[in-house]
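The data block below is query.tsv; it holds TSV, C-alpha atoms.
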chain	number	residue	atom	x	y	z
A	1	MET	CA	-4.59	-17.74	-21.85
A	2	ASN	CA	-3.08	-15.68	-19.00
A	3	LYS	CA	-4.77	-12.52	-20.31
A	4	ILE	CA	-8.16	-14.28	-20.39
A	5	SER	CA	-7.64	-15.59	-16.83
A	6	HIS	CA	-6.56	-12.17	-15.56
A	7	LEU	CA	-9.59	-10.60	-17.25
A	8	SER	CA	-11.88	-13.10	-15.52
A	9	PHE	CA	-10.45	-12.20	-12.11
A	10	PHE	CA	-10.86	-8.48	-12.79
A	11	ILE	CA	-14.48	-8.95	-13.92
A	12	LEU	CA	-15.19	-10.89	-10.70
A	13	ALA	CA	-13.53	-8.11	-8.67
A	14	ILE	CA	-15.67	-5.46	-10.41
A	15	PHE	CA	-18.88	-7.41	-9.74
A	16	PHE	CA	-17.85	-7.91	-6.10
A	17	ILE	CA	-17.29	-4.15	-5.66
A	18	ILE	CA	-20.63	-3.33	-7.30
A	19	LEU	CA	-22.54	-5.81	-5.13
A	20	SER	CA	-20.65	-5.19	-1.85
A	21	PRO	CA	-22.96	-2.36	-0.58
A	22	TYR	CA	-25.88	-4.82	-0.88
A	23	ILE	CA	-23.99	-7.58	0.95
A	24	PHE	CA	-22.14	-5.77	3.77
A	25	GLU	CA	-23.21	-3.24	6.37
A	26	ASP	CA	-21.40	0.05	7.03
A	27	TYR	CA	-18.72	-1.57	9.20
A	28	GLY	CA	-18.02	-4.22	6.58
A	29	ILE	CA	-17.80	-1.58	3.84
A	30	SER	CA	-15.29	0.43	5.93
A	31	ILE	CA	-13.11	-2.69	6.25
A	32	LEU	CA	-13.34	-3.32	2.50
A	33	ASN	CA	-12.28	0.29	1.87
A	34	GLN	CA	-9.24	-0.20	4.09
A	35	ILE	CA	-8.37	-3.46	2.34
A	36	ALA	CA	-8.65	-1.80	-1.09
A	37	ILE	CA	-6.39	1.10	-0.05
A	38	PHE	CA	-3.80	-1.27	1.40
A	39	ILE	CA	-3.94	-3.34	-1.80
A	40	ILE	CA	-2.91	-0.20	-3.71
A	41	LEU	CA	-0.08	0.42	-1.26
A	42	ALA	CA	1.02	-3.23	-1.04
A	43	VAL	CA	1.23	-3.94	-4.79
A	44	SER	CA	3.12	-0.67	-5.35
A	45	TYR	CA	5.51	-1.34	-2.45
A	46	ASN	CA	6.03	-4.89	-3.71
A	47	LEU	CA	7.14	-3.49	-7.09
A	48	ILE	CA	10.26	-1.84	-5.63
A	49	ASN	CA	10.86	-4.24	-2.75
A	50	GLY	CA	9.86	-7.60	-4.20
A	51	VAL	CA	10.04	-7.38	-7.99
A	52	THR	CA	13.10	-5.08	-8.19
A	53	GLY	CA	14.70	-6.38	-5.00
A	54	GLN	CA	15.53	-3.00	-3.47
A	55	PHE	CA	15.12	-3.10	0.32
A	56	SER	CA	13.28	0.21	0.72
A	57	LEU	CA	11.55	1.47	3.88
A	58	GLU	CA	10.02	4.67	2.51
A	59	PRO	CA	6.23	4.05	2.01
A	60	ASN	CA	5.12	6.03	5.07
A	61	GLY	CA	6.84	9.13	3.66
A	62	PHE	CA	5.18	8.99	0.23
A	63	VAL	CA	1.78	8.07	1.70
A	64	ALA	CA	2.06	11.07	4.04
A	65	VAL	CA	2.89	13.38	1.12
A	66	GLY	CA	-0.13	12.10	-0.83
A	67	ALA	CA	-2.45	12.42	2.16
A	68	TYR	CA	-1.43	16.01	2.94
A	69	VAL	CA	-1.56	17.15	-0.71
A	70	SER	CA	-5.07	15.75	-1.17
A	71	ALA	CA	-6.22	17.19	2.16
A	72	LEU	CA	-4.93	20.68	1.37
A	73	LEU	CA	-6.47	20.60	-2.10
A	74	LEU	CA	-9.90	19.37	-1.00
A	75	LEU	CA	-10.33	21.54	2.11
A	76	SER	CA	-12.24	24.77	1.54
A	77	VAL	CA	-10.66	28.17	2.23
A	78	ASP	CA	-12.94	28.74	5.23
A	79	SER	CA	-12.06	25.37	6.73
A	80	LYS	CA	-8.34	26.00	6.29
A	81	THR	CA	-8.58	29.45	7.85
A	82	GLU	CA	-10.40	28.01	10.87
A	83	GLN	CA	-8.02	25.07	11.37
A	84	PHE	CA	-4.82	27.11	10.92
A	85	ALA	CA	-6.00	29.86	13.31
A	86	TYR	CA	-3.42	29.01	16.02
A	87	GLU	CA	-0.22	28.84	13.98
A	88	GLY	CA	-1.15	30.94	10.96
A	89	ILE	CA	-1.40	29.78	7.36
A	90	ASN	CA	0.88	30.12	4.36
A	91	SER	CA	-0.65	32.04	1.43
A	92	LEU	CA	0.19	29.15	-0.92
A	93	VAL	CA	-1.96	26.79	1.14
A	94	LEU	CA	-4.93	29.13	0.74
A	95	MET	CA	-4.47	29.13	-3.03
A	96	LEU	CA	-4.60	25.32	-3.24
A	97	HIS	CA	-8.16	24.12	-3.78
A	98	THR	CA	-10.13	21.83	-6.06
A	99	PRO	CA	-13.56	20.23	-5.57
A	100	TYR	CA	-12.61	17.25	-7.75
A	101	LEU	CA	-11.19	14.12	-6.15
A	102	ILE	CA	-9.50	12.90	-9.34
A	103	ILE	CA	-7.43	16.10	-9.59
A	104	ALA	CA	-6.43	15.85	-5.92
A	105	LEU	CA	-5.38	12.19	-6.32
A	106	LEU	CA	-3.37	12.89	-9.47
A	107	ALA	CA	-1.66	15.83	-7.74
A	108	SER	CA	-0.87	13.60	-4.75
A	109	GLY	CA	0.63	10.91	-6.96
A	110	ILE	CA	2.64	13.39	-9.05
A	111	CYS	CA	4.07	15.16	-5.97
A	112	ALA	CA	5.13	11.82	-4.47
A	113	CYS	CA	6.58	10.70	-7.81
A	114	LEU	CA	8.58	13.92	-8.30
A	115	LEU	CA	9.93	13.60	-4.77
A	116	SER	CA	10.97	10.00	-5.49
A	117	LEU	CA	12.83	11.07	-8.66
A	118	ILE	CA	14.80	13.64	-6.65
A	119	LEU	CA	15.43	11.09	-3.90
A	120	SER	CA	16.54	8.37	-6.35
A	121	PHE	CA	19.78	10.22	-7.16
A	122	ALA	CA	20.81	9.77	-3.54
A	123	VAL	CA	19.28	6.44	-2.51
A	124	PHE	CA	20.43	4.36	-5.48
A	125	ARG	CA	24.06	5.16	-4.82
A	126	VAL	CA	23.85	2.48	-2.13
A	127	ARG	CA	22.43	-1.05	-1.92
A	128	GLY	CA	21.01	-3.51	0.56
A	129	ASP	CA	20.92	-2.53	4.23
A	130	TYR	CA	22.38	0.91	3.44
A	131	LEU	CA	19.47	1.58	1.07
A	132	ALA	CA	17.04	0.58	3.83
A	133	ILE	CA	18.66	3.04	6.26
A	134	VAL	CA	18.59	5.92	3.76
A	135	THR	CA	14.91	5.37	2.85
A	136	LEU	CA	14.00	4.90	6.52
A	137	GLY	CA	15.57	8.29	7.21
A	138	PHE	CA	13.45	9.82	4.44
A	139	GLY	CA	10.23	8.62	6.09
A	140	ILE	CA	11.33	10.05	9.43
A	141	ILE	CA	12.21	13.39	7.80
A	142	ILE	CA	8.75	13.67	6.18
A	143	LYS	CA	7.07	13.11	9.54
A	144	LEU	CA	9.32	15.70	11.23
A	145	LEU	CA	8.61	18.21	8.47
A	146	ALA	CA	4.87	17.69	8.98
A	147	LEU	CA	5.37	18.52	12.66
A	148	SER	CA	7.82	21.40	12.10
A	149	CYS	CA	5.98	23.28	9.33
A	150	PRO	CA	2.65	24.18	10.96
A	151	THR	CA	1.87	26.94	8.43
A	152	PHE	CA	1.70	24.23	5.74
A	153	THR	CA	0.48	21.16	7.66
A	154	ASN	CA	-1.06	22.57	10.87
A	155	GLY	CA	1.64	20.72	12.83
A	156	SER	CA	0.67	18.14	15.44
A	157	ARG	CA	-2.99	19.20	15.27
A	158	GLY	CA	-3.26	17.78	11.76
A	159	LEU	CA	-6.10	18.41	9.37
A	160	VAL	CA	-9.74	17.44	9.92
A	161	ASP	CA	-13.11	17.75	8.17
A	162	ILE	CA	-11.62	16.58	4.87
A	163	PRO	CA	-14.50	15.96	2.41
A	164	ARG	CA	-15.40	12.27	2.25
A	165	LEU	CA	-15.44	12.09	-1.54
A	166	SER	CA	-14.24	8.50	-1.73
A	167	ASN	CA	-16.43	5.40	-1.49
A	168	ILE	CA	-16.13	1.69	-2.20
A	169	TYR	CA	-16.65	2.24	-5.93
A	170	VAL	CA	-13.91	4.89	-6.19
A	171	ILE	CA	-11.42	3.14	-3.90
A	172	GLY	CA	-12.12	-0.30	-5.38
A	173	GLY	CA	-11.84	1.07	-8.91
A	174	VAL	CA	-8.49	2.69	-8.19
A	175	ALA	CA	-7.29	-0.56	-6.59
A	176	ILE	CA	-8.21	-2.55	-9.73
A	177	ILE	CA	-6.51	0.02	-12.00
A	178	SER	CA	-3.40	-0.10	-9.79
A	179	VAL	CA	-3.20	-3.89	-9.97
A	180	ILE	CA	-3.64	-3.82	-13.77
A	181	LEU	CA	-0.89	-1.19	-14.07
A	182	ILE	CA	1.52	-3.16	-11.88
A	183	LEU	CA	0.85	-6.48	-13.66
A	184	ASN	CA	1.35	-4.90	-17.09
A	185	LEU	CA	4.61	-3.39	-15.91
A	186	VAL	CA	5.82	-6.65	-14.34
A	187	TYR	CA	5.10	-8.66	-17.51
A	188	SER	CA	6.71	-6.05	-19.79
A	189	LYS	CA	10.40	-5.83	-20.75
A	190	PHE	CA	10.84	-3.35	-17.90
A	191	GLY	CA	9.48	-5.93	-15.46
A	192	ARG	CA	11.93	-8.53	-16.75
A	193	SER	CA	14.73	-6.02	-16.28
A	194	MET	CA	13.55	-5.38	-12.71
A	195	LYS	CA	13.66	-9.11	-11.95
A	196	ALA	CA	17.14	-9.35	-13.50
A	197	ILE	CA	18.34	-6.56	-11.19
A	198	ARG	CA	16.78	-8.35	-8.23
A	199	ASP	CA	18.53	-11.63	-9.07
A	200	ASP	CA	21.96	-10.15	-9.86
A	201	GLU	CA	22.45	-6.42	-10.41
A	202	ASP	CA	26.05	-6.74	-11.60
A	203	ALA	CA	25.11	-9.38	-14.19
A	204	ALA	CA	22.14	-7.27	-15.32
A	205	SER	CA	24.41	-4.27	-15.78
A	206	ALA	CA	26.89	-6.39	-17.75
A	207	MET	CA	24.04	-7.47	-20.05
A	208	GLY	CA	23.38	-3.82	-20.94
A	209	ILE	CA	20.49	-3.03	-18.58
A	210	ASN	CA	20.50	0.54	-17.30
A	211	CYS	CA	20.06	-0.39	-13.64
A	212	PHE	CA	19.69	3.17	-12.37
A	213	TRP	CA	16.92	3.97	-14.87
A	214	ILE	CA	15.02	0.73	-14.17
A	215	LYS	CA	15.24	1.18	-10.40
A	216	THR	CA	14.14	4.81	-10.74
A	217	LEU	CA	11.17	3.70	-12.88
A	218	ALA	CA	10.11	1.18	-10.22
A	219	PHE	CA	10.67	3.71	-7.43
A	220	GLY	CA	8.69	6.44	-9.22
A	221	THR	CA	5.77	4.14	-10.09
A	222	SER	CA	5.65	2.85	-6.53
A	223	ALA	CA	5.75	6.40	-5.12
A	224	PHE	CA	2.98	7.59	-7.47
A	225	LEU	CA	0.58	4.85	-6.36
A	226	GLU	CA	1.54	5.32	-2.70
A	227	GLY	CA	0.72	9.03	-3.05
A	228	VAL	CA	-2.66	8.16	-4.58
A	229	GLY	CA	-3.29	5.67	-1.78
A	230	GLY	CA	-2.44	8.34	0.79
A	231	GLY	CA	-4.94	10.70	-0.82
A	232	LEU	CA	-7.68	8.06	-0.69
A	233	MET	CA	-6.82	7.34	2.94
A	234	ALA	CA	-7.17	11.03	3.83
A	235	CYS	CA	-10.62	11.13	2.20
A	236	LEU	CA	-11.71	7.89	3.87
A	237	LEU	CA	-10.65	8.91	7.40
A	238	ALA	CA	-11.51	12.62	6.87
A	239	SER	CA	-8.41	13.53	8.89
A	240	VAL	CA	-4.62	13.58	8.58
A	241	SER	CA	-2.00	13.82	11.31
A	242	PRO	CA	1.77	13.09	11.46
A	243	GLU	CA	1.27	10.22	13.94
A	244	GLN	CA	-0.57	8.21	11.28
A	245	PHE	CA	2.61	7.83	9.23
A	246	ASP	CA	5.08	6.42	11.73
A	247	PHE	CA	7.49	3.58	10.87
A	248	ILE	CA	4.85	1.10	12.09
A	249	PHE	CA	2.89	1.96	8.94
A	250	THR	CA	5.81	0.86	6.73
A	251	PHE	CA	6.38	-2.20	8.91
A	252	GLN	CA	2.75	-3.24	8.41
A	253	LEU	CA	3.16	-3.05	4.63
A	254	LEU	CA	6.41	-5.00	4.88
A	255	ILE	CA	4.62	-7.78	6.80
A	256	ILE	CA	1.93	-7.88	4.10
A	257	ILE	CA	4.28	-8.31	1.13
A	258	VAL	CA	6.58	-10.77	2.92
A	259	LEU	CA	3.60	-12.85	4.04
A	260	GLY	CA	2.12	-12.88	0.54
A	261	GLY	CA	5.47	-13.50	-1.15
A	262	LEU	CA	8.07	-10.98	-2.29
A	263	GLY	CA	7.73	-10.42	-6.02
A	264	SER	CA	4.16	-11.73	-6.29
A	265	THR	CA	1.41	-9.17	-6.98
A	266	SER	CA	-1.35	-11.66	-6.21
A	267	GLY	CA	0.59	-12.53	-3.04
A	268	ALA	CA	0.52	-8.87	-1.99
A	269	ILE	CA	-3.26	-8.83	-2.51
A	270	LEU	CA	-3.73	-12.04	-0.52
A	271	GLY	CA	-1.41	-10.76	2.22
A	272	THR	CA	-3.46	-7.57	2.49
A	273	ILE	CA	-6.71	-9.49	2.87
A	274	LEU	CA	-5.19	-11.73	5.56
A	275	VAL	CA	-3.48	-8.97	7.55
A	276	ILE	CA	-6.08	-6.18	7.34
A	277	GLY	CA	-9.19	-8.34	7.12
A	278	GLY	CA	-7.93	-11.07	9.45
A	279	SER	CA	-6.96	-8.69	12.25
A	280	GLU	CA	-10.46	-7.17	12.14
A	281	TRP	CA	-12.20	-10.54	11.99
A	282	LEU	CA	-10.38	-11.63	15.17
A	283	ARG	CA	-11.78	-8.72	17.22
A	284	PHE	CA	-14.21	-11.10	18.93
A	285	LEU	CA	-11.20	-12.44	20.87
A	286	ASP	CA	-10.93	-9.10	22.71
A	287	GLU	CA	-14.47	-9.47	24.09
A	288	PRO	CA	-15.72	-11.63	27.00
A	289	MET	CA	-16.11	-15.27	25.92
A	290	SER	CA	-17.59	-18.49	27.25
A	291	ILE	CA	-15.58	-21.62	26.34
A	292	PHE	CA	-16.87	-25.03	27.55
A	293	GLY	CA	-18.80	-23.30	30.32
A	294	LEU	CA	-15.78	-21.28	31.44
A	295	ASN	CA	-16.47	-17.54	31.38
A	296	LEU	CA	-13.41	-15.55	30.34
A	297	PRO	CA	-13.15	-11.78	30.89
A	298	ALA	CA	-12.39	-9.34	28.08
A	299	MET	CA	-8.69	-9.41	27.17
A	300	VAL	CA	-7.80	-6.32	25.19
A	301	GLY	CA	-5.07	-7.09	22.66
A	302	PHE	CA	-5.48	-10.87	22.83
A	303	ARG	CA	-6.53	-10.93	19.16
A	304	MET	CA	-3.13	-9.51	18.19
A	305	VAL	CA	-1.39	-12.27	20.15
A	306	VAL	CA	-3.37	-14.92	18.27
A	307	PHE	CA	-2.87	-13.08	14.98
A	308	SER	CA	0.89	-12.93	15.54
A	309	LEU	CA	1.01	-16.66	16.27
A	310	ILE	CA	-0.87	-17.35	13.03
A	311	LEU	CA	1.63	-15.23	11.09
A	312	ILE	CA	4.55	-17.08	12.69
A	313	LEU	CA	3.05	-20.47	11.76
A	314	ILE	CA	2.44	-19.37	8.16
A	315	MET	CA	6.01	-18.15	7.78
A	316	LEU	CA	7.40	-21.35	9.32
A	317	PHE	CA	5.66	-23.50	6.71
A	318	ALA	CA	5.92	-21.03	3.80
A	319	ARG	CA	9.45	-19.63	4.01
A	320	LYS	CA	9.05	-17.57	0.82
A	321	GLY	CA	5.54	-16.39	1.65
A	322	ILE	CA	2.24	-17.89	0.60
A	323	MET	CA	2.78	-17.29	-3.12
A	324	GLY	CA	6.57	-17.17	-3.20
A	325	ASP	CA	7.69	-15.08	-6.16
A	326	LYS	CA	5.00	-16.48	-8.50
A	327	GLU	CA	1.48	-15.33	-9.30
A	328	LEU	CA	-1.71	-17.18	-8.43
A	329	LEU	CA	-2.32	-18.20	-12.05
A	330	GLU	CA	1.14	-19.76	-12.26
A	331	HIS	CA	0.41	-21.86	-9.16
A	332	LEU	CA	-2.98	-22.90	-10.58
A	333	LYS	CA	-1.32	-23.87	-13.86
A	334	SER	CA	1.31	-25.94	-12.01
A	335	LEU	CA	-1.44	-27.65	-9.99
A	336	LYS	CA	-3.36	-28.40	-13.19
A	337	ASN	CA	-0.28	-29.95	-14.80
A	338	PHE	CA	0.41	-32.00	-11.65
A	339	ILE	CA	-3.15	-33.39	-11.60
A	340	LYS	CA	-2.91	-34.14	-15.32
A	341	LYS	CA	0.31	-36.14	-14.83
A	342	LYS	CA	-1.22	-38.05	-11.93
A	343	LYS	CA	-4.17	-39.06	-14.10
A	344	GLN	CA	-1.84	-40.23	-16.86
A	345	CYS	CA	0.03	-42.41	-14.38
As C-alpha cells, what does this structure read like?
Amino acid sequence: MNKISHLSFFILAIFFIILSPYIFEDYGISILNQIAIFIILAVSYNLINGVTGQFSLEPNGFVAVGAYVSALLLLSVDSKTEQFAYEGINSLVLMLHTPYLIIALLASGICACLLSLILSFAVFRVRGDYLAIVTLGFGIIIKLLALSCPTFTNGSRGLVDIPRLSNIYVIGGVAIISVILILNLVYSKFGRSMKAIRDDEDAASAMGINCFWIKTLAFGTSAFLEGVGGGLMACLLASVSPEQFDFIFTFQLLIIIVLGGLGSTSGAILGTILVIGGSEWLRFLDEPMSIFGLNLPAMVGFRMVVFSLILILIMLFARKGIMGDKELLEHLKSLKNFIKKKKQC
C-alpha cells in the first residue's frame, strides 16, 4: 500500500513538473528551480542529520565542491583562459572539460562523496557537539581554499558564464530521483540501522551494527547528492563564488529540516517549500502598501521579520517540526484510523 501511495505522489510530481512551464512565468519557474535544488540538498542533509542523528554542519562545503567541479568541467577552454587571465590558470583546469551536464553532475557528486569518505575517518571519531564543530571547520576550510587557490578557482572573482544546461525538467527530475533514492535507503535495512544509531549508538553497536560503516554510508550518500545539487545550482545561476557557500547556507538548510521534522523526508520537502517558496511569496511586504487607507512606505527586509515570526510560531506549536520523525503517508494513515474509530463510536 505504501509503495502504491508513494508512486501516486511521484506521478503527480512528474505531471506538475511537465505542466509547470505552461502554468508559471519565468520568475515562477526560477523559484521552482530553486525549490527543487533545495529539496535535493534538504533530503540528503536530513539523511545524516535527521535519520542517522549525526549533528553535522558540512553541507556548504560539499555543495561548494560540486558547484566548482561542474563549473570547471562545463566552461570552455577559451572562457577559462579569459576568466583566469589575472591570476593564471593551472594546466589541469584547462584539461577538464565536457559538454554533457550528466557527466559534470556525476563528477561533482563523486568528488564530494570521495571527500566525505576521507573526512569520515576523522569526523566519526567524535560525537554530538564535537562532530558539529569538526564539520563546521570543514566547510570553512573549503571556502578558504576557494579563496586561496586562484589558479584552480579564480579566487574571490569566482567563475561566470557557466552554460545554463539545467532547466525545470532536469532539476525536477533529479529532485524526484533523489527523493526516491533517499526513501528506498531509509526503508531498507541500512535505514533501520541508521535510526537505531540515532536512538542509541551504544545499544546499536551492542546489537552488532557496524556504526562507523553505517554513518559513513549516510555521510557519503548525503555528500554525493549535495555535490550534485551544487552542480545544478552552478548551472542555474551561471556563476560560482566563495561567498555563496558561507555558513548561512548550511544554517538555511538546518532551518528547513528542523522545521519539516528531523528524520522525515516528506518533512524536508515541505520545509523547503515553506522556507524557499514562502520567503519569496512574502516579497510584497517589502513594497509600499495601503492598509485601511493608511499608506505605508517600502520597508526593505520587513518580509523577513514576518517570515521569522511565522517560523517561531510554527516551532512553538510543533516542537518536533511539522512532520516530526514520521512521513506524510504515516500521518495520513493515522488520521484515517482516527476517523474510522470515531465513526465506530
From A:Pro150, A:Phe62, A:Ile23, A:Pro99, residue lying nearest A:Ala85 [all atoms listed in the file]: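 Selected residue with least distance to A:Ala85: A:Pro150.
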Distance in Å - atom CA of A:Ile171 versus atom CA of A:Asn184: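 The value is 20.0 Å.
With atom CA of A:Tyr27 on one side and atom CA of A:Thr98 on the other, the separation reads 29.2 Å.
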Nearest-residue call for A:Lys189, choices A:Asn90, A:Ser30, A:Ile168, A:Ile209, using all atoms listed in the file: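 Among the listed residues, the smallest separation from A:Lys189 belongs to A:Ile209.
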Nearest residue to A:Phe10 from the set A:Ile180, A:Cys111, A:Met233, A:Ile273 (distances using all atoms listed in the file): A:Ile180
From A:Lys195, A:Ile18, A:Leu165, A:Thr221, residue lying nearest A:Leu114 [all atoms listed in the file]: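 For A:Leu114, the nearest of the given residues is A:Thr221.
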Interatomic distance (Å, one decimal) between atom CA of A:Met323 and atom CA of A:Asn49: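 Those two atoms sit 15.4 Å apart.
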Nearest to A:Val240, chosen from A:Leu159, A:Ile140, A:Leu105, A:Val77, with all atoms listed in the file counted in the distances: A:Leu159
Residues near A:Gly260, cut-off 12 Å, all atoms listed in the file, skip fewer than 4 positions along chain, as a ChimeraX atom specification: /A:39,42-43,46,50,253-256,264-275,311,314-315,318-328
Given only C-alpha atoms as the counted atoms, nearest of A:Leu185, A:Ala36, A:Ala67, A:Leu136 to A:Ala104: A:Ala67
Residue neighbourhood A:Ser20, 12 Å, all atoms listed in the file, exclusion window fewer than 3 positions, as a PyMOL selection string: chain A and resi 12-17+23-33+167-169+172
Write out as JSON an axis-aligned box for stretch 122-140 of chain A: all of its atoms listed in the file, 3 Å added on each side, centre and edge lengths in Å with one decimal.
{"center_x": 17.1, "center_y": 3.3, "center_z": 2.0, "size_x": 19.8, "size_y": 19.6, "size_z": 20.9}
Spatial sel., origin (19.1, -8.6, -11.0), limit 12 Å, all atoms listed in the file, listed as a PyMOL selection string: chain A and resi 50-54+190-212+214-215
Selection near stretch 137-139 of chain A, 7 Å with all atoms listed in the file, sequence-local residues under 3 positions removed, as a PyMOL selection string: chain A and resi 58+60-61+133-134+142-143
Grab the residues selected above and save them as a compact mmCIF listing (two decimals), in the coordinates of the input with C-alpha atoms.
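The result, written out as out_24.txt:
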# COMPACT_ATOMS: atom_id res chain seq x y z
CA GLU A 58 10.02 4.67 2.51
CA ASN A 60 5.12 6.03 5.07
CA GLY A 61 6.84 9.13 3.66
CA ILE A 133 18.66 3.04 6.26
CA VAL A 134 18.59 5.92 3.76
CA ILE A 142 8.75 13.67 6.18
CA LYS A 143 7.07 13.11 9.54
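Only residues having an atom at most 10 Å from (-6.4, 29.4, -0.8) are included; using only C-alpha atoms, these are Leu72, Leu73, Leu75, Ser76, Val77, Asp78, Lys80, Thr81, Ile89, Asn90, Ser91, Leu92, Val93, Leu94, Met95, Leu96, His97 and Thr98 of chain A.
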Residue neighbourhood A:Glu243, 10 Å, all atoms listed in the file, exclusion window fewer than 2 positions, as a PDB file with C-alpha atoms, in the coordinates of the input:
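Once written, selection_26.pdb looks like this:
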ATOM      1  CA  ALA A  64       2.060  11.070   4.040  1.00  0.00           C
ATOM      2  CA  LYS A 143       7.070  13.110   9.540  1.00  0.00           C
ATOM      3  CA  ALA A 146       4.870  17.690   8.980  1.00  0.00           C
ATOM      4  CA  LEU A 147       5.370  18.520  12.660  1.00  0.00           C
ATOM      5  CA  SER A 156       0.670  18.140  15.440  1.00  0.00           C
ATOM      6  CA  GLY A 158      -3.260  17.780  11.760  1.00  0.00           C
ATOM      7  CA  VAL A 240      -4.620  13.580   8.580  1.00  0.00           C
ATOM      8  CA  SER A 241      -2.000  13.820  11.310  1.00  0.00           C
ATOM      9  CA  PHE A 245       2.610   7.830   9.230  1.00  0.00           C
ATOM     10  CA  ASP A 246       5.080   6.420  11.730  1.00  0.00           C
ATOM     11  CA  PHE A 247       7.490   3.580  10.870  1.00  0.00           C
ATOM     12  CA  ILE A 248       4.850   1.100  12.090  1.00  0.00           C
ATOM     13  CA  PHE A 249       2.890   1.960   8.940  1.00  0.00           C
TER      14      PHE A 249
END
